[in-house]
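**Q** One file: coords.csv (CSV, C-alpha atoms).
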```
chain,number,residue,atom,x,y,z
A,1,MET,CA,-0.5,164.5,-157.9
A,2,LYS,CA,0.8,165.0,-154.4
A,3,THR,CA,0.9,161.8,-152.3
A,4,PHE,CA,1.1,161.4,-148.5
A,5,PHE,CA,1.1,158.7,-145.9
A,6,ILE,CA,-1.1,157.9,-142.9
A,7,GLY,CA,1.2,155.6,-140.9
A,8,ASN,CA,2.4,153.2,-143.5
A,9,LEU,CA,-0.6,153.7,-145.8
A,10,GLU,CA,0.1,155.7,-149.0
A,11,ILE,CA,-2.7,158.1,-150.2
A,12,GLY,CA,-2.6,159.0,-153.8
A,13,GLY,CA,-0.3,156.2,-155.0
A,14,SER,CA,-0.8,153.5,-157.5
A,15,LEU,CA,-3.2,151.5,-155.4
A,16,PRO,CA,-6.5,153.0,-154.0
A,17,LEU,CA,-7.0,153.0,-150.2
A,18,VAL,CA,-10.1,151.1,-149.0
A,19,ILE,CA,-11.6,152.5,-145.8
A,20,PRO,CA,-14.1,150.3,-144.0
A,21,GLU,CA,-16.1,152.5,-141.6
A,22,ILE,CA,-17.7,150.9,-138.5
A,23,GLY,CA,-19.0,154.4,-137.6
A,24,ILE,CA,-21.9,153.9,-135.2
A,25,ASN,CA,-22.8,150.4,-136.3
A,26,HIS,CA,-21.7,149.1,-132.9
A,27,ASN,CA,-24.6,150.9,-131.3
A,28,GLY,CA,-22.4,152.0,-128.3
A,29,SER,CA,-21.1,148.5,-127.5
A,30,LEU,CA,-17.3,148.4,-127.3
A,31,GLU,CA,-17.3,144.6,-127.6
A,32,THR,CA,-19.4,144.8,-130.8
A,33,ALA,CA,-17.0,147.4,-132.1
A,34,LYS,CA,-14.0,145.1,-131.4
A,35,GLU,CA,-15.8,142.3,-133.2
A,36,MET,CA,-16.3,144.5,-136.2
A,37,VAL,CA,-12.6,145.5,-136.2
A,38,LEU,CA,-11.5,141.9,-136.0
A,39,SER,CA,-13.8,140.9,-138.8
A,40,ALA,CA,-12.4,143.7,-141.0
A,41,HIS,CA,-8.9,142.6,-140.2
A,42,ARG,CA,-9.7,139.0,-141.3
A,43,ALA,CA,-10.9,140.4,-144.6
A,44,GLY,CA,-7.6,142.1,-145.1
A,45,ALA,CA,-8.3,145.7,-144.1
A,46,ARG,CA,-5.3,147.8,-143.2
A,47,LEU,CA,-7.3,150.4,-141.2
A,48,ILE,CA,-10.7,151.0,-139.6
A,49,LYS,CA,-12.6,154.2,-139.4
A,50,HIS,CA,-14.7,155.1,-136.3
A,51,GLN,CA,-16.9,158.2,-135.5
A,52,THR,CA,-16.2,160.2,-132.3
A,53,HIS,CA,-19.3,161.7,-130.8
A,54,ILE,CA,-19.3,163.9,-127.7
A,55,VAL,CA,-22.9,164.7,-127.9
A,56,GLU,CA,-23.1,167.7,-125.6
A,57,ASP,CA,-20.3,169.5,-127.5
A,58,GLU,CA,-21.6,168.4,-130.9
A,59,MET,CA,-25.3,169.3,-130.7
A,60,SER,CA,-27.7,171.7,-129.0
A,61,ALA,CA,-30.9,170.6,-127.4
A,62,GLU,CA,-32.7,171.5,-130.6
A,63,ALA,CA,-31.2,168.3,-132.1
A,64,ARG,CA,-33.7,166.4,-130.1
A,65,LYS,CA,-36.4,167.6,-132.5
A,66,VAL,CA,-34.6,166.5,-135.7
A,67,ILE,CA,-35.1,163.0,-137.0
A,68,PRO,CA,-32.8,161.9,-139.8
A,69,GLY,CA,-34.1,160.2,-142.9
A,70,ASN,CA,-32.7,156.8,-141.9
A,71,ALA,CA,-33.9,156.6,-138.3
A,72,ASP,CA,-37.1,156.9,-136.2
A,73,ILE,CA,-35.6,158.7,-133.3
A,74,SER,CA,-33.9,162.1,-133.1
A,75,ILE,CA,-30.3,162.6,-134.2
A,76,TYR,CA,-29.4,163.5,-130.7
A,77,ASP,CA,-30.7,160.2,-129.4
A,78,VAL,CA,-29.0,158.2,-132.2
A,79,MET,CA,-25.6,159.6,-131.3
A,80,ALA,CA,-26.1,159.5,-127.5
A,81,GLN,CA,-27.0,155.8,-127.8
A,82,SER,CA,-24.0,155.1,-130.1
A,83,ALA,CA,-21.2,157.2,-128.5
A,84,LEU,CA,-18.3,155.5,-126.8
A,85,SER,CA,-16.8,157.0,-123.7
A,86,GLU,CA,-13.2,158.3,-124.0
A,87,GLU,CA,-11.9,155.3,-122.1
A,88,GLU,CA,-13.8,152.9,-124.4
A,89,GLU,CA,-12.7,154.6,-127.6
A,90,GLN,CA,-9.1,154.6,-126.4
A,91,GLU,CA,-9.4,150.9,-125.8
A,92,LEU,CA,-10.9,150.5,-129.3
A,93,LYS,CA,-8.0,152.4,-130.8
A,94,ASP,CA,-5.5,150.3,-128.9
A,95,TYR,CA,-7.2,147.1,-130.0
A,96,THR,CA,-7.2,148.2,-133.6
A,97,GLU,CA,-3.5,149.0,-133.5
A,98,SER,CA,-2.7,145.8,-131.7
A,99,LEU,CA,-3.9,144.1,-135.0
A,100,GLY,CA,-1.4,146.2,-137.0
A,101,MET,CA,-4.2,148.4,-138.3
A,102,VAL,CA,-4.5,152.2,-138.4
A,103,PHE,CA,-7.2,153.7,-136.3
A,104,LEU,CA,-9.0,156.6,-138.1
A,105,SER,CA,-12.0,158.5,-136.8
A,106,THR,CA,-14.3,161.4,-137.7
A,107,PRO,CA,-14.6,164.0,-135.0
A,108,PHE,CA,-18.0,165.7,-135.0
A,109,SER,CA,-17.0,168.5,-132.6
A,110,ARG,CA,-14.1,170.4,-131.2
A,111,ALA,CA,-14.1,168.3,-128.1
A,112,ALA,CA,-14.1,165.1,-130.2
A,113,ALA,CA,-11.1,166.4,-132.2
A,114,ASP,CA,-9.3,167.2,-129.0
A,115,ARG,CA,-10.0,163.7,-127.7
A,116,LEU,CA,-8.5,162.1,-130.8
A,117,GLU,CA,-5.5,164.4,-130.6
A,118,ARG,CA,-4.9,163.2,-127.0
A,119,PHE,CA,-5.1,159.7,-128.4
A,120,GLY,CA,-2.3,160.6,-130.8
A,121,VAL,CA,-4.2,159.5,-133.9
A,122,LYS,CA,-2.2,159.6,-137.2
A,123,ALA,CA,-4.9,161.4,-139.2
A,124,TYR,CA,-8.4,162.7,-139.2
A,125,LYS,CA,-11.4,162.0,-141.4
A,126,ILE,CA,-13.8,164.9,-141.9
A,127,GLY,CA,-17.5,164.1,-142.5
A,128,SER,CA,-19.5,165.8,-145.2
A,129,GLY,CA,-21.5,167.7,-142.6
A,130,GLU,CA,-18.3,169.2,-141.3
A,131,LEU,CA,-16.9,170.3,-144.6
A,132,ASN,CA,-18.4,173.8,-144.4
A,133,ASN,CA,-17.8,174.0,-140.6
A,134,TYR,CA,-14.8,176.2,-141.3
A,135,PRO,CA,-14.0,176.9,-137.6
A,136,LEU,CA,-13.8,173.1,-136.9
A,137,ILE,CA,-11.8,172.5,-140.1
A,138,ASP,CA,-9.4,175.2,-139.0
A,139,HIS,CA,-9.1,173.8,-135.5
A,140,ILE,CA,-8.4,170.2,-136.8
A,141,ALA,CA,-6.0,171.4,-139.6
A,142,GLY,CA,-4.0,173.1,-136.9
A,143,PHE,CA,-3.0,169.8,-135.5
A,144,GLY,CA,-0.8,169.3,-138.6
A,145,LYS,CA,-2.1,165.8,-139.3
A,146,PRO,CA,-3.2,164.4,-142.7
A,147,MET,CA,-6.9,164.8,-143.4
A,148,ILE,CA,-9.4,162.8,-145.6
A,149,VAL,CA,-12.3,165.2,-146.3
A,150,SER,CA,-15.7,164.2,-147.5
A,151,THR,CA,-17.5,166.9,-149.5
A,152,GLY,CA,-21.1,165.7,-149.7
A,153,MET,CA,-23.9,168.3,-149.9
A,154,ASN,CA,-21.4,171.0,-150.7
A,155,ASP,CA,-20.6,172.7,-154.1
A,156,ILE,CA,-17.2,173.6,-155.5
A,157,PRO,CA,-17.1,177.1,-154.0
A,158,ALA,CA,-17.8,175.7,-150.5
A,159,ILE,CA,-15.2,173.0,-151.0
A,160,ALA,CA,-12.7,175.6,-152.3
A,161,ALA,CA,-13.1,177.6,-149.1
A,162,ALA,CA,-12.3,174.5,-147.0
A,163,VAL,CA,-9.3,173.7,-149.2
A,164,ASP,CA,-8.0,177.3,-148.6
A,165,ILE,CA,-8.0,176.6,-144.9
A,166,LEU,CA,-6.2,173.2,-145.4
A,167,GLU,CA,-3.6,174.9,-147.7
A,168,LYS,CA,-3.1,177.7,-145.1
A,169,HIS,CA,-2.0,175.1,-142.6
A,170,GLY,CA,0.0,173.1,-145.1
A,171,ALA,CA,-2.1,170.0,-144.5
A,172,ASP,CA,-1.8,166.8,-146.5
A,173,TYR,CA,-5.4,166.0,-147.5
A,174,ALA,CA,-7.6,164.0,-149.9
A,175,LEU,CA,-11.1,165.0,-151.0
A,176,LEU,CA,-14.0,162.5,-151.3
A,177,HIS,CA,-17.2,162.9,-153.3
A,178,THR,CA,-20.2,161.8,-151.3
A,179,THR,CA,-24.0,161.6,-151.7
A,180,ASN,CA,-25.5,161.7,-148.2
A,181,LEU,CA,-28.5,159.5,-148.6
A,182,TYR,CA,-28.7,156.2,-146.8
A,183,PRO,CA,-28.9,154.2,-149.0
A,184,THR,CA,-27.9,156.0,-152.1
A,185,ALA,CA,-29.6,154.9,-155.4
A,186,PRO,CA,-27.3,154.3,-158.4
A,187,SER,CA,-28.7,157.3,-160.2
A,188,GLN,CA,-27.8,159.5,-157.2
A,189,ILE,CA,-24.1,158.5,-156.9
A,190,ARG,CA,-22.9,160.9,-159.7
A,191,LEU,CA,-19.4,159.9,-160.4
A,192,GLY,CA,-19.2,162.9,-162.6
A,193,ALA,CA,-19.1,165.0,-159.5
A,194,MET,CA,-16.1,163.1,-158.3
A,195,GLN,CA,-14.5,163.8,-161.7
A,196,ALA,CA,-15.3,167.5,-161.2
A,197,LEU,CA,-13.3,167.4,-158.0
A,198,MET,CA,-10.4,165.9,-159.9
A,199,ARG,CA,-10.5,168.7,-162.5
A,200,GLU,CA,-10.9,171.5,-159.9
A,201,PHE,CA,-8.2,170.1,-157.6
A,202,PRO,CA,-5.8,168.2,-159.9
A,203,HIS,CA,-2.9,168.1,-157.3
A,204,VAL,CA,-5.1,166.4,-154.7
A,205,PRO,CA,-6.0,162.7,-154.3
A,206,VAL,CA,-9.7,162.4,-154.9
A,207,GLY,CA,-12.0,159.5,-154.1
A,208,LEU,CA,-15.5,158.3,-153.2
A,209,SER,CA,-17.3,157.8,-149.9
A,210,ASP,CA,-20.2,155.6,-150.8
A,211,HIS,CA,-23.5,154.8,-149.2
A,212,SER,CA,-25.0,152.5,-151.8
A,213,LEU,CA,-25.9,148.8,-151.5
A,214,ASN,CA,-23.0,147.1,-153.2
A,215,ASN,CA,-19.4,147.6,-154.4
A,216,ASN,CA,-20.3,148.8,-157.9
A,217,ALA,CA,-19.9,152.5,-157.2
A,218,CYS,CA,-16.5,152.1,-155.5
A,219,ILE,CA,-15.2,149.8,-158.2
A,220,SER,CA,-16.4,152.2,-160.9
A,221,ALA,CA,-14.8,155.1,-159.0
A,222,MET,CA,-11.5,153.2,-158.9
A,223,ALA,CA,-11.7,152.7,-162.7
A,224,LEU,CA,-12.1,156.4,-163.1
A,225,GLY,CA,-9.0,157.0,-161.0
A,226,ALA,CA,-10.3,157.3,-157.4
A,227,LYS,CA,-7.4,157.1,-154.9
A,228,VAL,CA,-9.6,156.4,-151.8
A,229,VAL,CA,-12.9,154.6,-151.5
A,230,GLU,CA,-14.9,154.3,-148.3
A,231,ARG,CA,-18.0,152.2,-147.3
A,232,HIS,CA,-19.7,151.6,-144.0
A,233,TYR,CA,-18.8,148.2,-142.4
A,234,THR,CA,-20.4,145.6,-140.2
A,235,ASP,CA,-19.3,142.1,-139.3
A,236,ARG,CA,-22.9,140.8,-139.8
A,237,MET,CA,-25.7,142.2,-142.0
A,238,ASP,CA,-28.3,141.0,-139.5
A,239,ARG,CA,-27.3,143.7,-137.0
A,240,THR,CA,-29.6,146.7,-136.4
A,241,GLY,CA,-28.7,150.3,-136.9
A,242,PRO,CA,-29.4,153.2,-139.3
A,243,ASP,CA,-26.2,152.6,-141.4
A,244,ILE,CA,-26.4,148.8,-141.6
A,245,ILE,CA,-28.4,148.8,-144.8
A,246,CYS,CA,-25.6,150.5,-146.7
A,247,SER,CA,-22.8,148.6,-145.0
A,248,MET,CA,-20.6,145.9,-146.4
A,249,ASP,CA,-19.7,142.7,-144.5
A,250,GLU,CA,-16.5,140.7,-144.3
A,251,GLN,CA,-17.0,138.9,-147.6
A,252,VAL,CA,-17.9,142.1,-149.5
A,253,LEU,CA,-15.0,144.0,-148.0
A,254,GLY,CA,-12.7,141.2,-149.1
A,255,GLU,CA,-14.0,141.6,-152.6
A,256,LEU,CA,-13.5,145.4,-152.6
A,257,LEU,CA,-10.0,145.0,-151.3
A,258,LEU,CA,-9.3,142.6,-154.1
A,259,ALA,CA,-10.7,145.1,-156.6
A,260,ALA,CA,-8.5,147.8,-155.2
A,261,LYS,CA,-5.5,145.6,-156.2
A,262,GLU,CA,-6.8,144.5,-159.6
A,263,VAL,CA,-8.6,147.5,-161.0
A,264,PRO,CA,-5.4,149.7,-161.2
A,265,GLN,CA,-3.7,146.9,-163.2
A,266,MET,CA,-6.6,147.0,-165.7
A,267,LEU,CA,-6.1,150.7,-166.6
A,268,GLY,CA,-4.1,152.1,-169.4
A,269,GLY,CA,-2.5,150.1,-172.2
A,270,GLU,CA,-2.5,150.3,-176.0
A,271,LYS,CA,-4.9,148.6,-178.5
A,272,LYS,CA,-2.5,146.1,-179.9
A,273,ALA,CA,-1.8,142.4,-179.3
A,274,LEU,CA,0.2,141.5,-176.2
A,275,PRO,CA,3.3,139.3,-176.8
A,276,GLU,CA,1.6,136.8,-174.5
A,277,GLU,CA,-1.4,136.5,-176.9
A,278,LYS,CA,0.8,134.8,-179.5
A,279,VAL,CA,-0.3,131.4,-178.3
A,280,THR,CA,-3.9,132.4,-178.9
A,281,ILE,CA,-3.2,134.1,-182.3
A,282,ASP,CA,-1.6,130.9,-183.5
A,283,PHE,CA,-4.9,129.0,-183.3
A,284,ALA,CA,-7.5,131.8,-183.5
A,285,PHE,CA,-6.4,133.8,-186.5
A,286,ALA,CA,-7.0,132.6,-190.1
A,287,THR,CA,-4.4,132.5,-192.9
A,288,VAL,CA,-4.7,131.9,-196.7
A,289,VAL,CA,-5.1,128.2,-197.6
A,290,THR,CA,-5.6,126.4,-201.0
A,291,ILE,CA,-9.0,124.7,-201.2
A,292,ARG,CA,-8.0,122.6,-204.3
A,293,PRO,CA,-4.7,121.9,-206.1
A,294,ILE,CA,-3.3,124.9,-208.1
A,295,THR,CA,-0.9,124.6,-211.0
A,296,ALA,CA,1.9,127.0,-211.8
A,297,GLY,CA,0.7,130.1,-213.6
A,298,GLU,CA,-3.0,129.6,-212.6
A,299,PRO,CA,-4.6,132.7,-211.1
A,300,PHE,CA,-5.7,132.7,-207.5
A,301,THR,CA,-9.5,132.9,-207.3
A,302,LYS,CA,-12.2,132.5,-204.6
A,303,GLU,CA,-12.6,128.9,-206.0
A,304,ASN,CA,-9.1,127.8,-205.2
A,305,ILE,CA,-8.0,129.7,-202.1
A,306,TRP,CA,-9.8,130.7,-198.9
A,307,VAL,CA,-8.9,131.6,-195.3
A,308,LYS,CA,-8.8,129.0,-192.5
A,309,ARG,CA,-7.3,128.5,-189.1
A,310,PRO,CA,-4.7,128.2,-187.7
A,311,GLY,CA,-2.9,131.5,-187.7
A,312,THR,CA,0.5,130.0,-188.2
A,313,GLY,CA,0.4,130.4,-192.0
A,314,PRO,CA,2.5,133.1,-193.7
A,315,ILE,CA,-0.3,135.1,-195.1
A,316,ARG,CA,-3.1,136.3,-192.8
A,317,ALA,CA,-6.7,136.7,-193.9
A,318,GLU,CA,-6.4,140.4,-194.0
A,319,HIS,CA,-4.3,140.0,-197.2
A,320,TYR,CA,-6.7,137.6,-199.0
A,321,GLU,CA,-8.1,140.2,-201.4
A,322,GLU,CA,-4.5,141.2,-202.5
A,323,LEU,CA,-3.9,137.6,-203.8
A,324,LEU,CA,-7.0,137.3,-206.0
A,325,GLY,CA,-6.0,137.6,-209.7
A,326,ARG,CA,-2.4,137.1,-209.1
A,327,ARG,CA,-0.8,133.8,-210.4
A,328,ALA,CA,0.8,130.9,-208.7
A,329,ALA,CA,4.6,130.7,-209.1
A,330,GLN,CA,4.6,126.9,-208.6
A,331,ASN,CA,2.3,124.0,-208.2
A,332,ILE,CA,0.6,124.1,-204.9
A,333,PRO,CA,-1.2,121.1,-203.4
A,334,ASN,CA,-4.7,121.3,-201.8
A,335,ASP,CA,-5.0,122.4,-198.2
A,336,THR,CA,-1.6,124.2,-198.2
A,337,HIS,CA,-1.1,127.4,-196.4
A,338,VAL,CA,0.0,129.8,-199.1
A,339,SER,CA,3.3,131.7,-198.6
A,340,TRP,CA,4.5,134.8,-200.4
A,341,ASP,CA,7.1,132.9,-202.4
A,342,MET,CA,4.3,130.8,-204.0
A,343,ILE,CA,3.0,134.0,-205.7
A,344,GLY,CA,4.2,135.2,-209.0
A,345,GLU,CA,4.3,138.7,-210.3
```
Show this structure as structure tokens.
**A**
Amino acid sequence: MKTFFIGNLEIGGSLPLVIPEIGINHNGSLETAKEMVLSAHRAGARLIKHQTHIVEDEMSAEARKVIPGNADISIYDVMAQSALSEEEEQELKDYTESLGMVFLSTPFSRAAADRLERFGVKAYKIGSGELNNYPLIDHIAGFGKPMIVSTGMNDIPAIAAAVDILEKHGADYALLHTTNLYPTAPSQIRLGAMQALMREFPHVPVGLSDHSLNNNACISAMALGAKVVERHYTDRMDRTGPDIICSMDEQVLGELLLAAKEVPQMLGGEKKALPEEKVTIDFAFATVVTIRPITAGEPFTKENIWVKRPGTGPIRAEHYEELLGRRAAQNIPNDTHVSWDMIGE
């Protein structure tokens, strides 16, 4: 699998990248956005993802008639109320980077992409709705920056067409499976679709952008090999906004970041005892023990030998049946762990 870097963050390496997305959760307030960035930094996040909306370039007037499933006003009004000005977003980027974090954003239009390029961002996130916006994909890929591309609501042929554009530009990129429902029910997450991306694009880092109510989907995705996981983020769950319900807060982000370190360590391995388990084997396993005195020449039977802890005896319980009917080579006291040299021919 090809790996690449966004700043000092490796994509596709041994540890999955966790992306907390503040998106539009700040409702157009720069100060709230900064509070969310600082909160994510406290939790241990190494980057933050924003959304860049320049509404007049992003949507026509018809968008005033379209109400999304997670809001009660038009999508035009949602984005108009949530958009930061160029000066405000530049300040947010500078603030994020002052904390040692990478600033990542999703441009929803050509003007938004051009703004981010003026900012000198290190990479671009592509939203699911833009995956099949091939003119925009082509425009952004032309910047020559890494791209993390969500693929929700699109099938493999549509994704392959976008991949062709990325490959044409020689872009470094990752693909994220997404279900674009807010929130997403467990039965709608479909990690099998993420695995389908892994099979179809085996050279590409693949992950999950999740909109469910907890970390279970992201942790499960990491266990299946996801290299990137993304969830919406807010500093407080009592804030209002269409994406708050499927966001994580500081504590939950911290838990997801810990999982991103621990889950990869849990993968792989062989089904055999670890050397470190010897201390447990010594007391937990059973070995063959006499349950009454046995004289030399006497056959071993179920009435004079049995299996008991600890596991420090010479003959483990798995060999018990092999001893029955054989004869003692010597006198053996009661409650003695039987050894092979005590057994005659």
**Q** Sorted by chain and rising residue number, list the residues of region 159-267 of chain A at most 9 Å from region 9-20 of chain A (counting only C-alpha atoms), each with its closest atom pair and distance in Å to one decimal, as CSV.
**A**
```
residue,atom,partner,partner_atom,distance
A:Tyr173,CA,A:Ile11,CA,8.8
A:Ala174,CA,A:Ile11,CA,7.7
A:Val204,CA,A:Gly12,CA,7.9
A:Pro205,CA,A:Gly12,CA,5.0
A:Val206,CA,A:Gly12,CA,7.9
A:Gly207,CA,A:Pro16,CA,8.5
A:Ser209,CA,A:Ile19,CA,8.8
A:Met222,CA,A:Pro16,CA,7.0
A:Gly225,CA,A:Pro16,CA,8.4
A:Ala226,CA,A:Pro16,CA,6.7
A:Lys227,CA,A:Pro16,CA,4.3
A:Val228,CA,A:Leu17,CA,4.6
A:Val229,CA,A:Val18,CA,5.1
A:Glu230,CA,A:Ile19,CA,4.5
A:Arg231,CA,A:Pro20,CA,5.5
A:His232,CA,A:Pro20,CA,5.7
A:Tyr233,CA,A:Pro20,CA,5.4
A:Thr234,CA,A:Pro20,CA,8.7
A:Ser247,CA,A:Pro20,CA,8.9
A:Met248,CA,A:Pro20,CA,8.2
A:Leu253,CA,A:Pro20,CA,7.5
A:Leu256,CA,A:Val18,CA,7.6
A:Leu257,CA,A:Val18,CA,6.5
A:Ala260,CA,A:Pro16,CA,5.7
A:Lys261,CA,A:Leu15,CA,6.4
A:Glu262,CA,A:Leu15,CA,8.9
A:Val263,CA,A:Leu15,CA,8.7
A:Pro264,CA,A:Leu15,CA,6.5
```
**Q** I need the chosen residues saved as a JSON list (two decimals), in the coordinates of the input, with C-alpha atoms.
**A**
```json
[["chain", "number", "residue", "atom", "x", "y", "z"],
["A", 173, "TYR", "CA", -5.40, 166.00, -147.50],
["A", 174, "ALA", "CA", -7.60, 164.00, -149.90],
["A", 204, "VAL", "CA", -5.10, 166.40, -154.70],
["A", 205, "PRO", "CA", -6.00, 162.70, -154.30],
["A", 206, "VAL", "CA", -9.70, 162.40, -154.90],
["A", 207, "GLY", "CA", -12.00, 159.50, -154.10],
["A", 209, "SER", "CA", -17.30, 157.80, -149.90],
["A", 222, "MET", "CA", -11.50, 153.20, -158.90],
["A", 225, "GLY", "CA", -9.00, 157.00, -161.00],
["A", 226, "ALA", "CA", -10.30, 157.30, -157.40],
["A", 227, "LYS", "CA", -7.40, 157.10, -154.90],
["A", 228, "VAL", "CA", -9.60, 156.40, -151.80],
["A", 229, "VAL", "CA", -12.90, 154.60, -151.50],
["A", 230, "GLU", "CA", -14.90, 154.30, -148.30],
["A", 231, "ARG", "CA", -18.00, 152.20, -147.30],
["A", 232, "HIS", "CA", -19.70, 151.60, -144.00],
["A", 233, "TYR", "CA", -18.80, 148.20, -142.40],
["A", 234, "THR", "CA", -20.40, 145.60, -140.20],
["A", 247, "SER", "CA", -22.80, 148.60, -145.00],
["A", 248, "MET", "CA", -20.60, 145.90, -146.40],
["A", 253, "LEU", "CA", -15.00, 144.00, -148.00],
["A", 256, "LEU", "CA", -13.50, 145.40, -152.60],
["A", 257, "LEU", "CA", -10.00, 145.00, -151.30],
["A", 260, "ALA", "CA", -8.50, 147.80, -155.20],
["A", 261, "LYS", "CA", -5.50, 145.60, -156.20],
["A", 262, "GLU", "CA", -6.80, 144.50, -159.60],
["A", 263, "VAL", "CA", -8.60, 147.50, -161.00],
["A", 264, "PRO", "CA", -5.40, 149.70, -161.20]]
```
**Q** Nearest to Val289 (chain A): which of A:His53, A:Arg42, A:His337, A:His177 is it, counting only C-alpha atoms?
**A**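 Answer, going by the shortest atom-to-atom distance: A:His337.
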**Q** Choose the residue, out of A:Lys272, A:His41, A:His169, A:Lys278, that has the smallest atom-to-atom separation from Lys145 (chain A); count only C-alpha atoms.
**A**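 Distance minimum relative to Lys145 (chain A) lands on A:His169.
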**Q** For Ala61 (chain A), work out the shell of residues within 12 Å, counting all atoms listed in the file and skipping chain neighbours fewer than 5 positions away, then give it as a PyMOL selection string.
**A** chain A and resi 55-56+66+74-77
**Q** Could you check how far CA of Glu345 (chain A) sits from CA of Ile291 (chain A), in Å to one decimal?
**A**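 Answer for the CA of Glu345 (chain A) to CA of Ile291 (chain A) separation: 21.3 Å.
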**Q** Within 8 Å of (-4.0, 128.9, -181.9), in the coordinates the file gives, what residues turn up when you count all atoms listed in the file, written out as a ChimeraX atom specification?
**A** /A:278-285,309-312
**Q** Neighbouring residues of region 318-321 of chain A were defined as those with any atom within 12 Å, considering all atoms listed in the file; residues of the same chain fewer than 6 positions away were excluded. Please report them as a ChimeraX atom specification.
**A** /A:285-290,300-302,304-308,311,337-340
**Q** Which residue out of A:Asp155, A:Glu58, A:Glu35, A:Asp138 has the minimum interatomic distance to Ala196 (chain A) when all atoms listed in the file are used?
**A**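 Checking each candidate against Ala196 (chain A), we get A:Asp155 as the closest.
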**Q** With only C-alpha atoms as the basis for distance, which of A:Glu31, A:Glu97, A:Asp210, A:Glu21 is at the shortest distance from Pro186 (chain A)?
**A** A:Asp210
**Q** Could you please give me, as a list in words, the residues of protein, DNA or RNA lying at most 12 Å from (-27.3, 159.8, -158.0) in the coordinate frame of the file, considering only C-alpha atoms?
**A** Gly152, His177, Thr178, Thr179, Asn180, Leu181, Tyr182, Pro183, Thr184, Ala185, Pro186, Ser187, Gln188, Ile189, Arg190, Leu191, Gly192, Ala193, Met194, Asp210, His211, Ser212 and Ala217 of chain A
**Q** List as a PDB file with C-alpha atoms, in the coordinates of the input the protein and nucleic acid residues near Tyr95 (chain A), meaning an atom at most 8 Å away when all atoms listed in the file are counted, but skip any in the same chain fewer than 4 places from it.
**A**
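Listed below is the output, part23.pdb:
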```pdb
ATOM      1  CA  LYS A  34     -14.000 145.100-131.400  1.00  0.00           C
ATOM      2  CA  GLU A  91      -9.400 150.900-125.800  1.00  0.00           C
ATOM      3  CA  LEU A  99      -3.900 144.100-135.000  1.00  0.00           C
TER       4      LEU A  99
END
```
**Q** Considering only C-alpha atoms, state which residue in the set A:Gly28, A:Ala43, A:Phe103, A:Lys168 is at the smallest distance from Glu88 (chain A).
**A** A:Gly28
**Q** Compile the contact shell of Ser128 (chain A) as a PyMOL selection string: residues with an atom at most 6 Å away, counting all atoms listed in the file, same-chain residues fewer than 2 positions apart removed.
**A** chain A and resi 130-131+150-152
**Q** Just to confirm, what's the straight-line distance from CA of Tyr124 (chain A) to CA of Leu136 (chain A) in Å (one decimal)?
**A**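 These atoms are spaced 11.9 Å apart.
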**Q** Check the smallest atom-to-atom distance from each of A:Ile343, A:Ala171, A:Ile244, A:Ala221 to Phe4 (chain A) using all atoms listed in the file, then report the winner.
**A** A:Ala171
